[in-house]
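K.L.:
Data file target-v9.tsv (TSV, C-alpha atoms) is appended below.
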chain	number	residue	atom	x	y	z
A	1	ASN	CA	9.82	9.75	15.19
A	2	ALA	CA	8.55	11.48	12.07
A	3	GLY	CA	8.08	8.11	10.36
A	4	VAL	CA	8.12	8.28	6.54
A	5	THR	CA	8.15	11.77	5.06
A	6	GLN	CA	7.67	12.77	1.43
A	7	THR	CA	8.18	16.02	-0.41
A	8	PRO	CA	6.63	17.73	-2.20
A	9	LYS	CA	2.95	17.07	-1.43
A	10	PHE	CA	1.85	18.35	-4.83
A	11	GLN	CA	3.69	18.92	-8.10
A	12	VAL	CA	2.72	19.94	-11.61
A	13	LEU	CA	5.18	19.21	-14.40
A	14	LYS	CA	5.18	19.79	-18.12
A	15	THR	CA	5.83	16.87	-20.43
A	16	GLY	CA	9.56	16.26	-20.75
A	17	GLN	CA	10.57	17.88	-17.49
A	18	SER	CA	12.48	15.93	-14.88
A	19	MET	CA	12.17	16.00	-11.13
A	20	THR	CA	12.98	14.10	-7.96
A	21	LEU	CA	10.44	13.00	-5.38
A	22	GLN	CA	12.03	12.89	-1.97
A	23	CYS	CA	11.44	10.21	0.65
A	24	ALA	CA	13.03	9.87	4.06
A	25	GLN	CA	12.46	7.66	7.10
A	26	ASP	CA	13.87	7.87	10.58
A	27	MET	CA	13.07	4.35	11.77
A	28	ASN	CA	16.30	2.76	10.51
A	29	HIS	CA	14.35	0.45	8.20
A	30	GLU	CA	16.40	-1.40	5.64
A	31	TYR	CA	13.57	-2.01	3.19
A	32	MET	CA	12.08	0.93	1.29
A	33	SER	CA	9.85	1.07	-1.74
A	34	TRP	CA	7.98	3.37	-4.10
A	35	TYR	CA	4.44	2.77	-5.30
A	36	ARG	CA	2.12	4.63	-7.60
A	37	GLN	CA	-1.61	4.64	-7.07
A	38	ASP	CA	-4.04	5.20	-9.90
A	39	PRO	CA	-7.84	5.10	-9.70
A	40	GLY	CA	-9.12	1.54	-9.69
A	41	MET	CA	-5.60	0.10	-9.94
A	42	GLY	CA	-4.55	-0.21	-6.33
A	43	LEU	CA	-0.88	0.29	-5.62
A	44	ARG	CA	1.75	-0.79	-8.10
A	45	LEU	CA	5.38	-1.19	-7.10
A	46	ILE	CA	7.87	0.96	-9.02
A	47	HIS	CA	11.22	0.28	-7.36
A	48	TYR	CA	12.41	-1.02	-4.04
A	49	SER	CA	15.57	-1.26	-1.99
A	50	VAL	CA	16.64	-3.79	0.62
A	51	GLY	CA	19.41	-1.60	1.98
A	52	ALA	CA	21.85	1.18	1.21
A	53	GLY	CA	23.47	0.66	-2.17
A	54	ILE	CA	20.93	-1.97	-3.30
A	55	THR	CA	17.93	-1.25	-5.51
A	56	ASP	CA	15.72	-3.36	-7.72
A	57	GLN	CA	12.85	-2.92	-10.13
A	58	GLY	CA	9.23	-3.51	-9.29
A	59	GLU	CA	6.21	-3.98	-11.50
A	60	VAL	CA	6.26	-0.62	-13.32
A	61	PRO	CA	9.85	0.74	-13.33
A	62	ASN	CA	10.00	2.34	-16.78
A	63	GLY	CA	10.57	6.09	-16.71
A	64	TYR	CA	11.80	6.10	-13.12
A	65	ASN	CA	15.20	5.86	-11.46
A	66	VAL	CA	16.12	5.37	-7.83
A	67	SER	CA	19.23	5.35	-5.72
A	68	ARG	CA	19.88	4.49	-2.08
A	69	SER	CA	23.05	6.09	-0.78
A	70	THR	CA	21.89	6.11	2.86
A	71	THR	CA	19.50	4.03	4.95
A	72	GLU	CA	17.32	7.07	5.53
A	73	ASP	CA	16.74	8.41	2.01
A	74	PHE	CA	15.23	6.85	-1.10
A	75	PRO	CA	14.58	9.45	-3.81
A	76	LEU	CA	12.58	8.68	-6.96
A	77	ARG	CA	13.59	10.44	-10.15
A	78	LEU	CA	11.38	11.01	-13.14
A	79	LEU	CA	13.70	11.28	-16.10
A	80	SER	CA	11.37	12.84	-18.68
A	81	ALA	CA	7.84	13.25	-17.37
A	82	ALA	CA	4.92	11.96	-19.43
A	83	PRO	CA	1.16	12.41	-18.89
A	84	SER	CA	0.96	8.68	-18.12
A	85	GLN	CA	2.97	9.39	-14.98
A	86	THR	CA	0.19	11.50	-13.54
A	87	SER	CA	-0.53	9.66	-10.31
A	88	VAL	CA	-0.19	9.67	-6.56
A	89	TYR	CA	3.18	8.38	-5.42
A	90	PHE	CA	3.74	6.70	-2.08
A	91	CYS	CA	6.99	5.86	-0.42
A	92	ALA	CA	7.07	3.15	2.21
A	93	SER	CA	9.53	1.53	4.57
A	94	ARG	CA	9.33	-1.80	6.25
A	95	VAL	CA	10.71	-3.81	9.10
A	96	GLY	CA	9.48	-7.36	9.21
A	97	ARG	CA	6.18	-7.62	7.39
A	98	GLU	CA	4.45	-4.38	8.41
A	99	GLN	CA	4.86	-1.52	5.97
A	100	TYR	CA	4.80	2.17	6.91
A	101	PHE	CA	3.66	4.65	4.29
A	102	GLY	CA	4.39	8.29	3.69
A	103	PRO	CA	1.57	10.78	3.04
A	104	GLY	CA	2.05	10.71	-0.73
A	105	THR	CA	2.93	13.10	-3.53
A	106	ARG	CA	0.23	14.03	-6.02
A	107	LEU	CA	1.88	14.55	-9.40
A	108	THR	CA	0.21	15.97	-12.48
A	109	VAL	CA	1.99	15.98	-15.83
A	110	THR	CA	0.47	18.26	-18.47
B	1	SER	CA	-0.07	-8.05	-11.95
B	2	GLN	CA	-1.95	-7.83	-8.70
B	3	GLN	CA	-1.95	-10.74	-6.29
B	4	GLY	CA	-5.02	-9.73	-4.32
B	5	GLU	CA	-8.41	-8.60	-5.53
B	6	GLU	CA	-10.97	-7.11	-3.16
B	7	ASP	CA	-14.69	-7.50	-3.42
B	8	PRO	CA	-16.87	-5.48	-3.48
B	9	GLN	CA	-15.19	-2.49	-5.10
B	10	ALA	CA	-17.47	-0.15	-3.14
B	11	LEU	CA	-19.71	-0.59	-0.12
B	12	SER	CA	-22.10	1.86	1.51
B	13	ILE	CA	-23.66	1.12	4.90
B	14	GLN	CA	-25.27	2.93	7.82
B	15	GLU	CA	-23.46	3.66	11.05
B	16	GLY	CA	-23.81	0.73	13.45
B	17	GLU	CA	-24.01	-1.89	10.72
B	18	ASN	CA	-21.30	-4.42	10.01
B	19	ALA	CA	-19.12	-4.18	6.92
B	20	THR	CA	-17.61	-7.20	5.24
B	21	MET	CA	-15.08	-7.07	2.45
B	22	ASN	CA	-13.33	-9.93	0.76
B	23	CYS	CA	-9.94	-10.54	-0.79
B	24	SER	CA	-8.94	-13.30	-3.17
B	25	TYR	CA	-5.36	-14.05	-4.08
B	26	LYS	CA	-3.66	-16.22	-6.64
B	27	THR	CA	-0.55	-17.89	-5.26
B	28	SER	CA	0.25	-19.55	-1.95
B	29	ILE	CA	1.07	-17.19	0.89
B	30	ASN	CA	2.71	-17.18	4.30
B	31	ASN	CA	0.63	-14.30	5.56
B	32	LEU	CA	-1.92	-11.72	4.48
B	33	GLN	CA	-2.30	-8.15	5.67
B	34	TRP	CA	-5.07	-5.57	5.61
B	35	TYR	CA	-4.45	-1.85	5.29
B	36	ARG	CA	-6.72	1.18	5.51
B	37	GLN	CA	-6.37	4.36	3.48
B	38	ASN	CA	-8.23	7.51	4.42
B	39	SER	CA	-8.89	9.90	1.55
B	40	GLY	CA	-5.74	11.69	0.48
B	41	ARG	CA	-3.54	9.87	2.98
B	42	GLY	CA	-1.05	7.00	3.02
B	43	LEU	CA	-1.98	3.45	3.91
B	44	VAL	CA	-2.03	2.33	7.53
B	45	HIS	CA	-1.48	-1.26	8.62
B	46	LEU	CA	-4.49	-2.83	10.35
B	47	ILE	CA	-3.85	-6.50	10.92
B	48	LEU	CA	-1.77	-9.46	9.75
B	49	ILE	CA	-2.96	-13.04	9.65
B	50	ARG	CA	-0.55	-15.93	9.13
B	51	SER	CA	-1.27	-18.84	6.84
B	52	ASN	CA	-1.66	-21.23	9.80
B	53	GLU	CA	-4.33	-19.01	11.37
B	54	ARG	CA	-7.99	-19.14	10.41
B	55	GLU	CA	-9.27	-16.13	12.30
B	56	LYS	CA	-7.85	-13.11	14.06
B	57	HIS	CA	-9.41	-10.26	16.02
B	58	SER	CA	-8.28	-6.74	16.75
B	59	GLY	CA	-10.83	-4.49	18.42
B	60	ARG	CA	-13.81	-4.20	16.04
B	61	LEU	CA	-11.89	-5.96	13.27
B	62	ARG	CA	-12.20	-9.64	12.50
B	63	VAL	CA	-10.14	-11.23	9.76
B	64	THR	CA	-10.56	-14.73	8.43
B	65	LEU	CA	-8.31	-16.67	6.10
B	66	ASP	CA	-9.21	-19.69	4.01
B	67	THR	CA	-6.05	-20.92	2.30
B	68	SER	CA	-7.92	-23.70	0.49
B	69	LYS	CA	-10.04	-21.06	-1.28
B	70	LYS	CA	-7.21	-18.51	-1.40
B	71	SER	CA	-9.44	-15.91	0.18
B	72	SER	CA	-9.66	-13.65	3.21
B	73	SER	CA	-12.37	-11.47	4.64
B	74	LEU	CA	-12.28	-8.37	6.81
B	75	LEU	CA	-15.28	-7.69	9.02
B	76	ILE	CA	-15.72	-4.34	10.73
B	77	THR	CA	-18.39	-4.55	13.40
B	78	ALA	CA	-20.55	-1.68	14.63
B	79	SER	CA	-19.18	0.63	11.97
B	80	ARG	CA	-18.65	4.34	12.55
B	81	ALA	CA	-18.47	7.27	10.18
B	82	ALA	CA	-14.73	7.40	10.92
B	83	ASP	CA	-14.37	3.95	9.32
B	84	THR	CA	-15.06	5.55	5.94
B	85	ALA	CA	-11.93	4.72	3.94
B	86	SER	CA	-10.53	2.35	1.34
B	87	TYR	CA	-9.37	-1.04	2.53
B	88	PHE	CA	-6.66	-3.09	0.84
B	89	CYS	CA	-5.39	-6.59	1.30
B	90	ALA	CA	-1.71	-7.27	0.72
B	91	THR	CA	0.39	-10.39	0.35
B	92	GLY	CA	4.11	-11.03	0.10
B	93	GLY	CA	6.87	-9.33	2.02
B	94	ASP	CA	7.81	-12.64	3.60
B	95	THR	CA	11.50	-12.33	2.87
B	96	GLY	CA	13.87	-9.41	2.57
B	97	ARG	CA	13.55	-9.00	-1.18
B	98	ARG	CA	9.92	-9.90	-1.64
B	99	ALA	CA	7.68	-6.88	-2.07
B	100	LEU	CA	4.17	-6.46	-0.75
B	101	THR	CA	1.54	-6.74	-3.47
B	102	PHE	CA	-1.74	-4.89	-2.98
B	103	GLY	CA	-5.20	-5.44	-4.34
B	104	SER	CA	-7.29	-2.69	-5.87
B	105	GLY	CA	-9.20	-2.02	-2.66
B	106	THR	CA	-12.74	-1.72	-1.34
B	107	ARG	CA	-14.12	1.80	-0.83
B	108	LEU	CA	-16.25	1.82	2.31
B	109	GLN	CA	-18.69	4.65	2.99
B	110	VAL	CA	-20.35	4.69	6.40
B	111	GLN	CA	-23.34	7.01	6.48
B	112	PRO	CA	-23.95	8.75	9.83
If you convert what's in this file into structure tokens, what do you get?
P.N.:
Amino acid sequence: NAGVTQTPKFQVLKTGQSMTLQCAQDMNHEYMSWYRQDPGMGLRLIHYSVGAGITDQGEVPNGYNVSRSTTEDFPLRLLSAAPSQTSVYFCASRVGREQYFGPGTRLTVT
Amino acid sequence: SQQGEEDPQALSIQEGENATMNCSYKTSINNLQWYRQNSGRGLVHLILIRSNEREKHSGRLRVTLDTSKKSSSLLITASRAADTASYFCATGGDTGRRALTFGSGTRLQVQP
């Protein structure tokens, strides 16, 4: 199993641009989530999904959209990038209580 | 808002020494987890302790939980340079919709 994969690993955007961060898992986990990690802030939940067709907002959802059309994929869309969205983004999937994380996407917005 | 807060924020020790980091949380829990994050990587699950457990061991890891004080500690014995990482406690995730909430982490540096 590849586990949780994320693309791209690095991305630089200009303010106002949009993009999609990809996340996929091959473990057939129903629960998937997106976090952002900023220095000294730990991980903050952006959006999560408990199954295909079901998504919900986390702690910091503004400026981000998600969809879950399949069990495997959970893309995160930045609608109009802002410098405040410069961060490292982690996708995770879960079965039971243990969470499995992807390697992260480092995003810089200039 | 974050449920868990780790203490200290940073810890530097010599190889062979023990490392202890603490986590305090705010609301009642059913379980608490610890994760490790190596620099530039995703988090990796280390251990889970349930609310009816007071202590749990896994290899060189020892976790304690004191629900009356809403606190947990992670002890790494006989530390190695490879233990250098950030360590996070996490609560929640008990039901299908409940998300895991992470603390801000302890950065551990083990000097060879």
K.L.:
For chain B, work out the contacting residues on chain A at 10 Å, counting all atoms listed in the file, and write them as a PyMOL selection string.
P.N.:
chain A and resi 4+30-33+37-45+47-51+55-56+58-60+88-92+94-106
K.L.:
Take atom CA of A:Thr71 and atom CA of A:His29 and report the distance between them in Å, one decimal.
P.N.:
7.1 Å
K.L.:
Atom CA of B:Leu11 and atom CA of B:Gln37 are how many Å apart?
P.N.:
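Value for the atom CA of B:Leu11-atom CA of B:Gln37 distance: 14.7 Å.
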K.L.:
If you measure from atom CA of B:Arg36 to atom CA of A:Ser84, what distance in Å do you get, rounded to one decimal?
P.N.:
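Separation between atom CA of B:Arg36 and atom CA of A:Ser84: 26.0 Å.
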K.L.:
Go through B:Arg80, B:Lys26, B:Lys56, B:Arg62 one by one, measure the shortest atom-to-atom distance of each to B:Pro112 using all atoms listed in the file, and give the residue with the smallest value.
P.N.:
B:Arg80
K.L.:
Return the single residue from B:Ser12, B:Asn52, B:Gln111, B:Thr27 that is closest to B:Asp66, with distances computed using only C-alpha atoms.
P.N.:
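That would be B:Asn52, the residue with the smallest distance to B:Asp66.
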K.L.:
Please work out which residues fall within 7 Å of (23.0, 6.3, -1.8), coordinates as given in the file, with only C-alpha atoms counting, and return them as a ChimeraX atom specification.
P.N.:
/A:52-53,67-70
K.L.:
Identify the residues around (15.3, 9.5, 2.5) within a radius of 9 Å, measuring from all atoms listed in the file in the coordinates stated by the file, and give them as a PDB file with C-alpha atoms, in the frame of the given file.
P.N.:
ATOM      1  CA  VAL A   4       8.120   8.280   6.540  1.00  0.00           C
ATOM      2  CA  THR A   5       8.150  11.770   5.060  1.00  0.00           C
ATOM      3  CA  GLN A   6       7.670  12.770   1.430  1.00  0.00           C
ATOM      4  CA  GLN A  22      12.030  12.890  -1.970  1.00  0.00           C
ATOM      5  CA  CYS A  23      11.440  10.210   0.650  1.00  0.00           C
ATOM      6  CA  ALA A  24      13.030   9.870   4.060  1.00  0.00           C
ATOM      7  CA  GLN A  25      12.460   7.660   7.100  1.00  0.00           C
ATOM      8  CA  ASP A  26      13.870   7.870  10.580  1.00  0.00           C
ATOM      9  CA  ARG A  68      19.880   4.490  -2.080  1.00  0.00           C
ATOM     10  CA  THR A  70      21.890   6.110   2.860  1.00  0.00           C
ATOM     11  CA  THR A  71      19.500   4.030   4.950  1.00  0.00           C
ATOM     12  CA  GLU A  72      17.320   7.070   5.530  1.00  0.00           C
ATOM     13  CA  ASP A  73      16.740   8.410   2.010  1.00  0.00           C
ATOM     14  CA  PHE A  74      15.230   6.850  -1.100  1.00  0.00           C
ATOM     15  CA  PRO A  75      14.580   9.450  -3.810  1.00  0.00           C
TER      16      PRO A  75
END
K.L.:
Which of these, B:Ile29, B:Met21, B:Val110, B:Leu65, has the shortest distance to B:Ala78 once you count only C-alpha atoms?
P.N.:
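Among the listed residues, the smallest separation from B:Ala78 belongs to B:Val110.
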K.L.:
With distances taken over only C-alpha atoms, which residue among A:Ile46, A:Ser93, A:Gly63, A:Gly3 lies nearest A:Leu78?
P.N.:
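Among the listed residues, A:Gly63 lies closest to A:Leu78.
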